[in-house]
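Data file: coords07.pdb. Format and content: PDB, C-alpha atoms, pLDDT in the B column.
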```
ATOM      1  CA  MET A   1       8.935 -42.347  13.339  1.00 37.00           C
ATOM      2  CA  ALA A   2       7.252 -40.432  16.139  1.00 40.00           C
ATOM      3  CA  VAL A   3       6.022 -36.927  15.427  1.00 37.00           C
ATOM      4  CA  HIS A   4       6.210 -34.474  18.290  1.00 36.00           C
ATOM      5  CA  ARG A   5       3.215 -32.159  18.437  1.00 36.00           C
ATOM      6  CA  ARG A   6       2.874 -29.224  20.746  1.00 36.00           C
ATOM      7  CA  PRO A   7      -0.210 -29.159  22.912  1.00 43.00           C
ATOM      8  CA  GLN A   8      -2.954 -26.981  21.363  1.00 43.00           C
ATOM      9  CA  ALA A   9      -2.568 -24.268  24.032  1.00 41.00           C
ATOM     10  CA  LEU A  10       1.172 -23.941  23.346  1.00 38.00           C
ATOM     11  CA  ARG A  11       0.565 -23.618  19.599  1.00 39.00           C
ATOM     12  CA  HIS A  12      -1.857 -20.735  20.223  1.00 41.00           C
ATOM     13  CA  LEU A  13       0.574 -19.147  22.660  1.00 38.00           C
ATOM     14  CA  SER A  14       3.364 -19.388  20.085  1.00 41.00           C
ATOM     15  CA  LEU A  15       1.177 -17.756  17.433  1.00 40.00           C
ATOM     16  CA  ALA A  16       0.219 -14.999  19.857  1.00 41.00           C
ATOM     17  CA  ALA A  17       3.881 -14.378  20.704  1.00 40.00           C
ATOM     18  CA  LEU A  18       4.735 -14.193  16.986  1.00 41.00           C
ATOM     19  CA  ALA A  19       1.899 -11.733  16.381  1.00 43.00           C
ATOM     20  CA  LEU A  20       3.054  -9.514  19.260  1.00 39.00           C
ATOM     21  CA  ALA A  21       6.654  -9.642  18.076  1.00 41.00           C
ATOM     22  CA  LEU A  22       5.671  -8.535  14.579  1.00 43.00           C
ATOM     23  CA  LEU A  23       2.957  -6.022  15.471  1.00 43.00           C
ATOM     24  CA  ALA A  24       4.839  -4.283  18.303  1.00 40.00           C
ATOM     25  CA  PRO A  25       7.340  -2.709  15.892  1.00 40.00           C
ATOM     26  CA  LEU A  26       4.460  -1.783  13.580  1.00 40.00           C
ATOM     27  CA  ALA A  27       2.706   0.113  16.349  1.00 39.00           C
ATOM     28  CA  ALA A  28       5.971   1.854  17.206  1.00 37.00           C
ATOM     29  CA  CYS A  29       6.143   3.586  13.823  1.00 39.00           C
ATOM     30  CA  GLY A  30       4.445   6.672  15.257  1.00 39.00           C
ATOM     31  CA  GLY A  31       5.881   9.284  17.503  1.00 40.00           C
ATOM     32  CA  GLY A  32       8.011  11.185  14.999  1.00 42.00           C
ATOM     33  CA  SER A  33       7.101  14.551  13.584  1.00 49.00           C
ATOM     34  CA  VAL A  34       4.322  14.445  11.035  1.00 56.00           C
ATOM     35  CA  GLY A  35       5.581  13.321   7.661  1.00 63.00           C
ATOM     36  CA  ASN A  36       9.060  12.428   8.938  1.00 74.00           C
ATOM     37  CA  ASP A  37       8.396   8.843  10.003  1.00 80.00           C
ATOM     38  CA  PRO A  38      10.925   6.647   8.178  1.00 89.00           C
ATOM     39  CA  PRO A  39       9.518   4.079   5.737  1.00 91.00           C
ATOM     40  CA  ASN A  40       9.977   0.428   6.682  1.00 92.00           C
ATOM     41  CA  ASN A  41       8.726  -1.865   3.919  1.00 94.00           C
ATOM     42  CA  LYS A  42      10.235  -4.912   5.647  1.00 93.00           C
ATOM     43  CA  ARG A  43       7.759  -4.515   8.521  1.00 92.00           C
ATOM     44  CA  ILE A  44       4.910  -4.551   6.023  1.00 95.00           C
ATOM     45  CA  CYS A  45       6.261  -7.658   4.279  1.00 94.00           C
ATOM     46  CA  ASP A  46       6.697  -9.373   7.670  1.00 94.00           C
ATOM     47  CA  ALA A  47       3.110  -8.490   8.601  1.00 94.00           C
ATOM     48  CA  TYR A  48       1.907  -9.811   5.233  1.00 94.00           C
ATOM     49  CA  GLY A  49       3.872 -13.059   5.709  1.00 93.00           C
ATOM     50  CA  GLY A  50       2.393 -13.475   9.203  1.00 94.00           C
ATOM     51  CA  GLN A  51      -1.122 -12.503   8.019  1.00 95.00           C
ATOM     52  CA  LEU A  52      -1.174  -9.753  10.650  1.00 91.00           C
ATOM     53  CA  THR A  53      -3.406  -6.716  10.689  1.00 90.00           C
ATOM     54  CA  ASN A  54      -3.949  -3.339  12.366  1.00 78.00           C
ATOM     55  CA  GLY A  55      -0.364  -2.152  12.718  1.00 86.00           C
ATOM     56  CA  GLU A  56       0.766   1.412  11.989  1.00 91.00           C
ATOM     57  CA  VAL A  57       3.098   1.324   8.992  1.00 95.00           C
ATOM     58  CA  VAL A  58       5.035   3.685   6.764  1.00 96.00           C
ATOM     59  CA  ALA A  59       5.398   2.441   3.185  1.00 95.00           C
ATOM     60  CA  ASP A  60       7.661   3.699   0.421  1.00 95.00           C
ATOM     61  CA  GLY A  61       6.688   2.737  -3.103  1.00 96.00           C
ATOM     62  CA  THR A  62       5.672   3.595  -6.622  1.00 97.00           C
ATOM     63  CA  VAL A  63       2.100   4.199  -7.779  1.00 98.00           C
ATOM     64  CA  ARG A  64       1.137   1.365 -10.119  1.00 97.00           C
ATOM     65  CA  GLN A  65      -2.531   2.107 -10.767  1.00 97.00           C
ATOM     66  CA  ILE A  66      -5.131   4.722  -9.857  1.00 96.00           C
ATOM     67  CA  LEU A  67      -8.363   2.981  -8.834  1.00 96.00           C
ATOM     68  CA  GLY A  68     -10.543   6.092  -8.673  1.00 87.00           C
ATOM     69  CA  GLU A  69     -12.972   7.412  -6.105  1.00 84.00           C
ATOM     70  CA  ARG A  70     -15.771   5.732  -4.211  1.00 79.00           C
ATOM     71  CA  ARG A  71     -18.210   6.857  -1.566  1.00 82.00           C
ATOM     72  CA  GLY A  72     -17.633   5.182   1.821  1.00 73.00           C
ATOM     73  CA  ARG A  73     -19.338   5.398   5.218  1.00 77.00           C
ATOM     74  CA  SER A  74     -16.912   8.085   6.332  1.00 71.00           C
ATOM     75  CA  GLY A  75     -16.755  10.071   3.078  1.00 75.00           C
ATOM     76  CA  ASP A  76     -15.222   9.997  -0.375  1.00 80.00           C
ATOM     77  CA  HIS A  77     -12.167   7.772  -0.736  1.00 85.00           C
ATOM     78  CA  GLU A  78      -9.521   7.636  -3.417  1.00 92.00           C
ATOM     79  CA  GLY A  79      -7.909   4.253  -4.077  1.00 94.00           C
ATOM     80  CA  TYR A  80      -4.619   3.392  -5.712  1.00 96.00           C
ATOM     81  CA  LEU A  81      -2.107   0.556  -5.851  1.00 97.00           C
ATOM     82  CA  ILE A  82       1.524   0.994  -4.842  1.00 97.00           C
ATOM     83  CA  GLN A  83       4.450  -1.338  -5.443  1.00 97.00           C
ATOM     84  CA  LEU A  84       6.765  -1.327  -2.431  1.00 96.00           C
ATOM     85  CA  GLY A  85      10.392  -0.460  -3.013  1.00 87.00           C
ATOM     86  CA  GLY A  86      13.471  -2.406  -1.910  1.00 83.00           C
ATOM     87  CA  ASP A  87      13.612  -6.172  -1.419  1.00 83.00           C
ATOM     88  CA  CYS A  88       9.856  -6.426  -0.853  1.00 84.00           C
ATOM     89  CA  ASP A  89       7.919  -6.438  -4.117  1.00 84.00           C
ATOM     90  CA  LEU A  90       4.482  -6.469  -2.502  1.00 94.00           C
ATOM     91  CA  VAL A  91       1.659  -4.504  -4.139  1.00 96.00           C
ATOM     92  CA  LEU A  92      -0.683  -2.784  -1.680  1.00 95.00           C
ATOM     93  CA  LYS A  93      -4.008  -1.030  -2.059  1.00 97.00           C
ATOM     94  CA  VAL A  94      -4.134   2.393  -0.403  1.00 96.00           C
ATOM     95  CA  GLU A  95      -7.369   4.174   0.516  1.00 93.00           C
ATOM     96  CA  THR A  96      -7.320   7.874   1.373  1.00 91.00           C
ATOM     97  CA  ASN A  97     -10.328   9.840   2.661  1.00 89.00           C
ATOM     98  CA  THR A  98     -10.330  12.814   0.288  1.00 87.00           C
ATOM     99  CA  ASP A  99     -13.026  14.552   2.348  1.00 85.00           C
ATOM    100  CA  ILE A 100     -10.179  15.038   4.865  1.00 87.00           C
ATOM    101  CA  THR A 101      -7.025  15.312   2.714  1.00 87.00           C
ATOM    102  CA  GLY A 102      -8.517  16.826  -0.413  1.00 89.00           C
ATOM    103  CA  PRO A 103      -7.733  15.209  -3.755  1.00 91.00           C
ATOM    104  CA  ILE A 104      -4.200  13.879  -4.207  1.00 93.00           C
ATOM    105  CA  PRO A 105      -3.068  14.254  -7.831  1.00 93.00           C
ATOM    106  CA  LEU A 106      -1.191  10.968  -8.224  1.00 95.00           C
ATOM    107  CA  ARG A 107      -0.035   9.395 -11.449  1.00 95.00           C
ATOM    108  CA  PRO A 108       1.359   5.947 -12.273  1.00 97.00           C
ATOM    109  CA  GLY A 109       5.117   5.758 -11.825  1.00 97.00           C
ATOM    110  CA  GLU A 110       5.165   8.435  -9.113  1.00 97.00           C
ATOM    111  CA  ARG A 111       6.989   7.703  -5.846  1.00 96.00           C
ATOM    112  CA  VAL A 112       4.907   8.020  -2.663  1.00 96.00           C
ATOM    113  CA  VAL A 113       5.402   7.559   1.057  1.00 96.00           C
ATOM    114  CA  VAL A 114       2.256   6.542   2.917  1.00 96.00           C
ATOM    115  CA  LYS A 115       1.596   6.225   6.650  1.00 95.00           C
ATOM    116  CA  GLY A 116      -1.526   4.462   7.883  1.00 94.00           C
ATOM    117  CA  VAL A 117      -2.942   1.256   9.291  1.00 93.00           C
ATOM    118  CA  TYR A 118      -2.091  -2.002   7.511  1.00 95.00           C
ATOM    119  CA  ILE A 119      -4.809  -4.604   7.021  1.00 95.00           C
ATOM    120  CA  TYR A 120      -3.771  -8.020   5.731  1.00 96.00           C
ATOM    121  CA  ASN A 121      -5.477  -9.609   2.751  1.00 94.00           C
ATOM    122  CA  PRO A 122      -4.155 -12.360   0.459  1.00 94.00           C
ATOM    123  CA  MET A 123      -3.711  -9.915  -2.437  1.00 93.00           C
ATOM    124  CA  GLY A 124      -1.053  -7.881  -0.581  1.00 93.00           C
ATOM    125  CA  GLY A 125      -2.973  -5.848   1.925  1.00 95.00           C
ATOM    126  CA  LEU A 126      -4.550  -2.464   2.415  1.00 95.00           C
ATOM    127  CA  ILE A 127      -3.329   0.716   4.066  1.00 95.00           C
ATOM    128  CA  HIS A 128      -6.014   3.077   5.338  1.00 90.00           C
ATOM    129  CA  TRP A 129      -6.193   5.945   7.887  1.00 87.00           C
ATOM    130  CA  THR A 130      -3.749   7.824   5.630  1.00 88.00           C
ATOM    131  CA  HIS A 131      -4.876  11.155   7.099  1.00 88.00           C
ATOM    132  CA  HIS A 132      -5.343  12.866  10.442  1.00 77.00           C
ATOM    133  CA  ASP A 133      -8.293  11.883  12.649  1.00 76.00           C
ATOM    134  CA  PRO A 134     -10.632  14.863  13.009  1.00 77.00           C
ATOM    135  CA  GLY A 135     -12.003  13.251  16.201  1.00 77.00           C
ATOM    136  CA  GLY A 136      -8.522  12.897  17.734  1.00 75.00           C
ATOM    137  CA  ARG A 137      -9.084   9.227  18.606  1.00 79.00           C
ATOM    138  CA  HIS A 138      -6.540   7.725  16.213  1.00 74.00           C
ATOM    139  CA  GLU A 139      -2.916   8.383  15.312  1.00 83.00           C
ATOM    140  CA  GLY A 140      -2.800  10.385  12.114  1.00 85.00           C
ATOM    141  CA  GLY A 141      -1.411   9.132   8.842  1.00 92.00           C
ATOM    142  CA  PHE A 142      -0.271  10.930   5.713  1.00 94.00           C
ATOM    143  CA  VAL A 143       0.585  10.664   2.033  1.00 94.00           C
ATOM    144  CA  LYS A 144       3.739  12.339   0.692  1.00 95.00           C
ATOM    145  CA  ALA A 145       3.731  12.778  -3.068  1.00 95.00           C
ATOM    146  CA  GLY A 146       5.113  15.330  -5.496  1.00 93.00           C
ATOM    147  CA  GLY A 147       6.942  17.127  -2.699  1.00 93.00           C
ATOM    148  CA  LEU A 148       3.663  17.758  -0.814  1.00 94.00           C
ATOM    149  CA  LEU A 149       2.273  16.300   2.410  1.00 93.00           C
ATOM    150  CA  TYR A 150      -1.413  15.348   2.503  1.00 93.00           C
ATOM    151  CA  GLN A 151      -2.921  14.610   5.899  1.00 90.00           C
TER     152      GLN A 151
END
```

Just give me the structure as structure tokens.
Amino acid sequence: MAVHRRPQALRHLSLAALALALLAPLAACGGGSVGNDPPNNKRICDAYGGQLTNGEVVADGTVRQILGERRGRSGDHEGYLIQLGGDCDLVLKVETNTDITGPIPLRPGERVVVKGVYIYNPMGGLIHWTHHDPGGRHEGGFVKAGGLLYQ
């Protein structure tokens, strides 16, 4: 039985087209008023399935674990894990720069909405840039928790 294989260039082109198709909607998450961007966990799960990175996302989930604070190059960061809601049961790590947002008093079981940049990793992924950019070079993110907006 003959196996049809695409030429190498076409395979790369197909992968690039898939990446653009999945990341374009991720980048389009912005543009709404701050804190009112609608969550879309399916986009995050699609990005995870395609091993895609660097798309703006808005996630809706439940805090599973508080990871604590660490000092990073750009300041103090608070880490926590969230379990996405809906049909996507992905667990994501979230990093928030508390030098910008201030501390966010989260607790396990609490519902949060997070906007930031998604980075793929095999364990579920990471969302960072969950705050405004003091330099004005990057679209701002946020964390909504306990009826408050942190940015």

Going by the chain IDs and residue numbers used in this file, which residues fall under the PyMOL selection byres ((chain A and resi 132-141) around 10)? Write them as a PyMOL selection string.
chain A and resi 30-31+34-35+37+56-58+96-97+100-101+114-117+127-131+142-143+150-151

How many Å lie between atom CA of Arg71 of chain A and atom CA of Lys93 of chain A, rounded to one decimal?
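Rounded to one decimal, the two atoms are 16.3 Å apart.
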
Coordinates-based distance that separates atom CA of Gly72 of chain A from atom CA of Ala145 of chain A (Å, one decimal):
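Distance between the two atoms: 23.2 Å.
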
Please report the interatomic distance between atom CA of Tyr120 of chain A and atom CA of Gly61 of chain A in Å with one decimal.
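Computing it gives 17.4 Å between the two atoms.
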
Which residue, A:Gly147, A:Glu78, A:Asp87, A:Pro122, has the smallest gap to Ala47 of chain A when you use all atoms listed in the file?
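Ranked by minimum distance to Ala47 of chain A, first place goes to A:Pro122.
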
When you count all atoms listed in the file, which of these residues is closest to Thr53 of chain A: A:Val113, A:Ile66, A:Leu126, A:Leu149?
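Among the listed residues, the smallest separation from Thr53 of chain A belongs to A:Leu126.
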
Just checking: using all atoms listed in the file, which residue out of A:Gln65, A:Asn121, A:Asn36, A:Thr98 ends up closest to Gln51 of chain A?
A:Asn121
